[in-house]
Every structure is written in C-alpha cells, then in structure tokens.
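Below you'll find the structure, written out as structure tokens, and then a few comments.
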Amino acid sequence: MVDLKAQYAPIQDEIEAAVLEVLRSGWYVMGPHHEAFEKEAAAYVGVEHALGVASGTDALHLALRAAGVGRGDEVVTTAFTFVGTVEAILYIGAKPVFADIDPETYNVDPSMIEPVLTSKTKAILPVHLFGRPADMDAIMAIGKAHGIPIVEDAAQSIGARWGDAMTGGIGRAGCFSFYPTKNLNAAGDGGMITTNSDEVAERVRSLRNHGSRRRYHHDEVGYNSRLDEVQAAILRVKLKHVEAYNEGRRRIARRYSELLADADVVTPTEPGHGNHVFHQYTILSERRDAVMAALKEAGSSSGIYYPIPLHRQAFCAEEYADVTLPVTERVAASCMSLPVHPELAAEDVDRIAAVVAESAVAV
C-alpha cells in the first residue's frame, strides 16, 4: 500500500545528513530540530502553536485533556475510524458517544451530532478520514451553539484544506500522526498537536513532559510523550515535500476515478469546499472479497480501513449493543482501499483499475 524505500531514495542524502547531525550532537530529546520543526509545522498549518508528541494517539489523548475533558464526560465522535480515536477518549475515563457518518464523505454527519449531545458532552471529535476534511463549518457551528470545543483528528489529513484553513487549524486543537504510512511520515512513531490557544499549548507542554513546566517541578501527573530529535530532524526534511507528496496522491486518485467512472464501484468524491489529500483511496464494492482476491492474484495490494466499526469491536461491543449506525455499518461492510502513494507508477495505477473494474462486475 506504500513504498517507503521509493520515497526515501530521492531525499536519502538530506535525511541521512540530518540524522547524522543529531547523532553527533548528543542532543536526542527536545533539541533544536524539535524546536525548529514545531515552528515550521505551525507555520504550515497556519496556527500559533504546534507541539510534538510521541504518537498520534498521544496527540488525541493530550489534546482532549488540555481542552478540559475529564472522567465521566462524553465526547461525540465517529465509530468509523482507527481505534486510537476512541482509545484517547477512554484513557481519560470519558465516554465515546457515536454519531453516524455521511454516506458520501465517510466522515461524521453533522446532522447526527446534535441528537446525541447531552449535558455531559465536553468535546466533539471529528475525524478527517482518509484525508478528506469533515464539514467543519457545520461542526464548528454546532460547537459554538452549545459551547462545546472541537478537537480535530487530523491524523490522516495533513495538508488538506477546508476553505482557506488547513485541517488541524480550525477547532480548539488539531491532532496529527506521523506514523510511517502517513502523508507526512517519520521513521517510527510521532505526533503533533496544533492550536491557536495559548492555554491549550501551555497545558500540552506540561502534560507531555511529566506534568512539568520547570525542571523537576511537577504541577500534575503527566506523561512521557515527546517527539524525539531524530524524528523531528527527519520530519523537517519531509515537511518541505509534503505538498508534492499530496499532489502525487491527488494525481493518482484522479486517474483511478477516471478509469473507474463506469465500473460497478463507488469512488471517493472531492469536497466542494476544500481539498482531499487521499491518505487512502477508498471505494465501495458489493463484491469486495472478489475484488481483493483478484488484486492479490494480480500481485497488487489492497486493504480494508475499517472492517469492524468501533461500536462493534470486542472491547466495547457489550456497552454499545443497542447502538445502531446504519451508514457506518453499511460502509464498513463494503469499503476497500487501493494503493495511492505518490511513488506508484502510472502503469500500475492503470493495471490496478482494470482489475478492479473487471472483478467488480456481478457474476
């Protein structure tokens, strides 16, 4: 689904020079590359603060805490997402409350949010799934009307825009992952919280560093969640290329959509008020298993993100047994993703699309 060696080759010298500089410096945590990356990332997203943390899941966890979510509170989100979205809520002792998704965007449907709000709702956590922005105008309006902060899960959407604003720069805080498969990726785990709030930024700085704002003075119980210096140095190099990486994904996505326009599958659409950066190119097919088998036979990868919605996962299925999310469940039963990394050759895109189109036809 990705080709990290192909991505590495053209920037190998720059990456290795940056890593070697860190190793020779002897400064491996919270050093000059970390500080510089935070400034550069903040400028890229268009916010006052960007704070490096150890992973995307940590970014969600710490951002929710910094936004005031605590034990016994409720957070409205989607069940059609990676488990880390909900883990972050549960770590705090809060309760995830699921709203159904939009059948076209696969993001949380704003019209489904207000019916599940209660007096315990302390945050709304939309996910910009697969690199497509959620409807942030509608979601922000709901948050404003009810006095509820919006924390964006932008783990898959760096570089995506909603109107003129970058995802991660619209709500109270934004949360990013730099896992190796992401559009902007580290050589390991890493994450980032973005915000225009001085208060949120100051709280995250404490929480990520053992609850400390001053060396060996601990104001609260915090966490060990810091983006290390090697990863920061690598991310500084790659941040300069992320727009090109995203445009490569968009180019491949456009080609897939052209080739599959008449196929018996549902292809992703572009938002009318922003842009999609195609962390995944996800289609729907009633013959998903047959299509995936045909791709495997042809030597091509595919994947399912995500086959089991979170409200049906074993760790919470009993608590949510009475929750029905018809669109979420329908999409999860037929979704599949095709390779979309920017290093994918044009002939491979054409070949993959041909296999999909042929195998998706009902027998």
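By convention here, the chains of the structure tokens are called A, B, ... in the order presented, each chain's residues are numbered starting at 1, and ligands are numbered starting at 1 in the order presented.
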Residues of segment 215-281 of chain A that approach segment 160-170 of chain A to 9 Å or less, counting only C-alpha atoms: could you list each one with the shortest pair of atoms and its distance in Å to one decimal, rows by chain and increasing residue number, as JSON lines?
```
{"residue": "A:Asn246", "atom": "CA", "partner": "A:Ala160", "partner_atom": "CA", "distance": 8.6}
{"residue": "A:Pro271", "atom": "CA", "partner": "A:Trp162", "partner_atom": "CA", "distance": 8.5}
{"residue": "A:Gly272", "atom": "CA", "partner": "A:Gly163", "partner_atom": "CA", "distance": 8.9}
{"residue": "A:His273", "atom": "CA", "partner": "A:Gly163", "partner_atom": "CA", "distance": 5.2}
{"residue": "A:Gly274", "atom": "CA", "partner": "A:Trp162", "partner_atom": "CA", "distance": 4.2}
{"residue": "A:Asn275", "atom": "CA", "partner": "A:Arg161", "partner_atom": "CA", "distance": 5.4}
{"residue": "A:His276", "atom": "CA", "partner": "A:Ala160", "partner_atom": "CA", "distance": 5.8}
{"residue": "A:Val277", "atom": "CA", "partner": "A:Ala160", "partner_atom": "CA", "distance": 5.6}
{"residue": "A:Phe278", "atom": "CA", "partner": "A:Ala160", "partner_atom": "CA", "distance": 9.0}
```
Give one line per residue of segment 314-347 of chain A that approaches segment 66-84 of chain A to at most 9 Å, naming the two atoms of the closest pair and their distance in Å to one decimal, counting only C-alpha atoms; sort by chain then ascending residue number and deliver it as CSV.
```
residue,atom,partner,partner_atom,distance
A:Leu325,CA,A:Ala79,CA,8.5
A:Thr328,CA,A:Phe80,CA,6.2
A:Glu329,CA,A:Phe80,CA,8.5
A:Val331,CA,A:Phe80,CA,8.7
A:Ala332,CA,A:Phe80,CA,7.5
```
- Shortest interatomic distance to Tyr320 of chain A - which of A:Ile158, A:Pro307, A:Leu62, A:Val97, counting only C-alpha atoms: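 Going through A:Ile158, A:Pro307, A:Leu62, A:Val97 one by one, the smallest distance to Tyr320 of chain A is for A:Val97.
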- Task: Identify all residues of segment 81-291 of chain A in helix (DSSP H, G or I) (DSSP on the backbone) and supply them as a ChimeraX atom specification.
- Result: /A:84-92,110-112,114-116,129-131,136-146,198-207,229-239,242-259,288-291
Same residues, C-alpha atoms, saved as a PDB file, in the first residue's frame:
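The new file out_4.pdb reads:
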```pdb
ATOM      1  CA  GLY A  84      -6.771   5.314  18.558  1.00  0.00           C
ATOM      2  CA  THR A  85      -9.526   7.928  18.234  1.00  0.00           C
ATOM      3  CA  VAL A  86     -11.618   6.143  20.854  1.00  0.00           C
ATOM      4  CA  GLU A  87      -8.702   4.894  22.953  1.00  0.00           C
ATOM      5  CA  ALA A  88      -7.753   8.516  23.622  1.00  0.00           C
ATOM      6  CA  ILE A  89     -11.230   9.202  24.994  1.00  0.00           C
ATOM      7  CA  LEU A  90     -11.226   6.094  27.166  1.00  0.00           C
ATOM      8  CA  TYR A  91      -7.754   6.826  28.573  1.00  0.00           C
ATOM      9  CA  ILE A  92      -9.224   9.918  30.212  1.00  0.00           C
ATOM     10  CA  PRO A 110     -23.148  16.915  11.302  1.00  0.00           C
ATOM     11  CA  SER A 111     -26.902  16.292  11.341  1.00  0.00           C
ATOM     12  CA  MET A 112     -26.280  13.245  13.529  1.00  0.00           C
ATOM     13  CA  GLU A 114     -26.897  17.313  17.898  1.00  0.00           C
ATOM     14  CA  PRO A 115     -29.299  14.405  18.612  1.00  0.00           C
ATOM     15  CA  VAL A 116     -26.627  12.697  20.745  1.00  0.00           C
ATOM     16  CA  LEU A 129     -10.954  10.321   7.445  1.00  0.00           C
ATOM     17  CA  PHE A 130      -8.744   9.150   4.562  1.00  0.00           C
ATOM     18  CA  GLY A 131      -7.551  12.742   4.044  1.00  0.00           C
ATOM     19  CA  MET A 136     -16.106  21.921   9.632  1.00  0.00           C
ATOM     20  CA  ASP A 137     -18.489  24.816   9.006  1.00  0.00           C
ATOM     21  CA  ALA A 138     -21.418  22.787  10.281  1.00  0.00           C
ATOM     22  CA  ILE A 139     -19.450  21.141  13.088  1.00  0.00           C
ATOM     23  CA  MET A 140     -17.969  24.406  14.337  1.00  0.00           C
ATOM     24  CA  ALA A 141     -21.445  25.972  14.290  1.00  0.00           C
ATOM     25  CA  ILE A 142     -22.746  23.142  16.498  1.00  0.00           C
ATOM     26  CA  GLY A 143     -19.840  23.576  18.884  1.00  0.00           C
ATOM     27  CA  LYS A 144     -20.368  27.322  19.084  1.00  0.00           C
ATOM     28  CA  ALA A 145     -24.113  26.978  19.653  1.00  0.00           C
ATOM     29  CA  HIS A 146     -23.607  24.594  22.561  1.00  0.00           C
ATOM     30  CA  ASP A 198      -2.096  29.704  24.450  1.00  0.00           C
ATOM     31  CA  GLU A 199      -3.889  27.889  27.276  1.00  0.00           C
ATOM     32  CA  VAL A 200      -4.096  24.575  25.401  1.00  0.00           C
ATOM     33  CA  ALA A 201      -0.483  24.864  24.268  1.00  0.00           C
ATOM     34  CA  GLU A 202       0.796  25.533  27.778  1.00  0.00           C
ATOM     35  CA  ARG A 203      -1.181  22.595  29.189  1.00  0.00           C
ATOM     36  CA  VAL A 204       0.141  20.228  26.491  1.00  0.00           C
ATOM     37  CA  ARG A 205       3.714  21.312  27.174  1.00  0.00           C
ATOM     38  CA  SER A 206       3.197  20.264  30.778  1.00  0.00           C
ATOM     39  CA  LEU A 207       1.284  17.053  30.110  1.00  0.00           C
ATOM     40  CA  GLU A 229      15.094  14.720  17.993  1.00  0.00           C
ATOM     41  CA  VAL A 230      15.863  12.168  15.250  1.00  0.00           C
ATOM     42  CA  GLN A 231      12.226  12.046  14.166  1.00  0.00           C
ATOM     43  CA  ALA A 232      11.972  15.829  14.292  1.00  0.00           C
ATOM     44  CA  ALA A 233      15.011  16.139  12.016  1.00  0.00           C
ATOM     45  CA  ILE A 234      13.506  13.660   9.535  1.00  0.00           C
ATOM     46  CA  LEU A 235      10.141  15.406   9.614  1.00  0.00           C
ATOM     47  CA  ARG A 236      11.764  18.777   8.915  1.00  0.00           C
ATOM     48  CA  VAL A 237      13.174  17.357   5.686  1.00  0.00           C
ATOM     49  CA  LYS A 238       9.903  15.739   4.643  1.00  0.00           C
ATOM     50  CA  LEU A 239       7.719  18.722   5.552  1.00  0.00           C
ATOM     51  CA  VAL A 242       4.532  17.220   1.765  1.00  0.00           C
ATOM     52  CA  GLU A 243       2.723  19.396  -0.777  1.00  0.00           C
ATOM     53  CA  ALA A 244       4.368  17.440  -3.605  1.00  0.00           C
ATOM     54  CA  TYR A 245       3.541  14.157  -1.881  1.00  0.00           C
ATOM     55  CA  ASN A 246      -0.087  15.196  -1.549  1.00  0.00           C
ATOM     56  CA  GLU A 247      -0.306  16.334  -5.147  1.00  0.00           C
ATOM     57  CA  GLY A 248       1.101  12.941  -6.189  1.00  0.00           C
ATOM     58  CA  ARG A 249      -1.672  11.217  -4.259  1.00  0.00           C
ATOM     59  CA  ARG A 250      -4.273  13.522  -5.775  1.00  0.00           C
ATOM     60  CA  ARG A 251      -2.968  12.837  -9.282  1.00  0.00           C
ATOM     61  CA  ILE A 252      -3.251   9.079  -8.757  1.00  0.00           C
ATOM     62  CA  ALA A 253      -6.711   9.456  -7.221  1.00  0.00           C
ATOM     63  CA  ARG A 254      -7.916  11.440 -10.224  1.00  0.00           C
ATOM     64  CA  ARG A 255      -6.651   8.723 -12.547  1.00  0.00           C
ATOM     65  CA  TYR A 256      -8.361   5.979 -10.564  1.00  0.00           C
ATOM     66  CA  SER A 257     -11.626   7.916 -10.613  1.00  0.00           C
ATOM     67  CA  GLU A 258     -11.412   8.429 -14.375  1.00  0.00           C
ATOM     68  CA  LEU A 259     -10.719   4.749 -15.023  1.00  0.00           C
ATOM     69  CA  ARG A 288     -15.262  -6.594  -2.113  1.00  0.00           C
ATOM     70  CA  ASP A 289     -13.882 -10.049  -1.374  1.00  0.00           C
ATOM     71  CA  ALA A 290     -13.801 -10.973  -5.059  1.00  0.00           C
ATOM     72  CA  VAL A 291     -12.125  -7.698  -5.996  1.00  0.00           C
TER      73      VAL A 291
END
```
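Going from atom CA of Leu227 of chain A over to atom CA of Ser55 of chain A, you cover 7.8 Å.
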- Message: Neighbouring residues of Ile352 of chain A were defined as those with any atom within 7 Å, considering only C-alpha atoms; residues of the same chain fewer than 4 positions away were excluded. Please report them as a list in words.
- Response: Ser300, Asp348 and Val356 of chain A
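Here atom CA of Glu220 of chain A stands at a distance of 17.0 Å from atom CA of Asp58 of chain A.
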- Message: Can you measure atom CA of Ala294 of chain A to atom CA of Met336 of chain A for me? One decimal in Å is fine.
- Response: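 Separating atom CA of Ala294 of chain A from atom CA of Met336 of chain A is a distance of 13.0 Å.
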- Task: Apply DSSP to the structure's backbone, then extract all residues of segment 50-290 of chain A labelled strand (DSSP E or B) and return them as an NGL selection string.
- Result: :A and (50-53 or 74-77 or 95-98 or 101 or 108 or 121-124 or 127 or 150-153 or 161-162 or 165-166 or 173-177 or 191-195 or 209 or 212-214 or 217-218 or 224 or 228 or 266 or 274-275 or 281-284)
- Query: Pick from A:Ser301, A:Ser359, A:Ser285, A:Asn209: nearest to Leu344 of chain A, with only C-alpha atoms counted?
  - Reply: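 Ranked by minimum distance to Leu344 of chain A, first place goes to A:Ser301.
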Compile a residue-level contact table for segment 123-211 of chain A against segment 39-43 of chain A at a cut-off of 10 Å, reporting for every qualifying residue the shortest atom pair and its distance in Å to one decimal, with only C-alpha atoms counted, rows ordered by chain and ascending number, as a tab-separated table.
```
residue	atom	partner	partner_atom	distance
A:Gly169	CA	A:Ala42	CA	9.0
A:Met192	CA	A:Ala41	CA	9.0
A:Ile193	CA	A:Ala42	CA	9.5
A:Thr194	CA	A:Ala42	CA	6.9
A:Thr195	CA	A:Ala42	CA	8.5
A:Asn196	CA	A:Ala42	CA	9.5
```
Under the rule of at most 9 Å, produce a per-residue listing of segment 260-317 of chain A near segment 104-107 of chain A: chain, number, name, the closest pair of atoms, and the distance in Å, as JSON lines, using only C-alpha atoms.
```
{"residue": "A:Pro268", "atom": "CA", "partner": "A:Glu104", "partner_atom": "CA", "distance": 7.5}
{"residue": "A:Thr269", "atom": "CA", "partner": "A:Glu104", "partner_atom": "CA", "distance": 7.4}
{"residue": "A:Glu270", "atom": "CA", "partner": "A:Thr105", "partner_atom": "CA", "distance": 8.7}
{"residue": "A:Pro271", "atom": "CA", "partner": "A:Thr105", "partner_atom": "CA", "distance": 8.2}
```
- Item | Nearest residue to Val327 of chain A from the set A:Ile15, A:Ala99, A:Ala94, A:Leu117 (distances using only C-alpha atoms) | A:Ala99
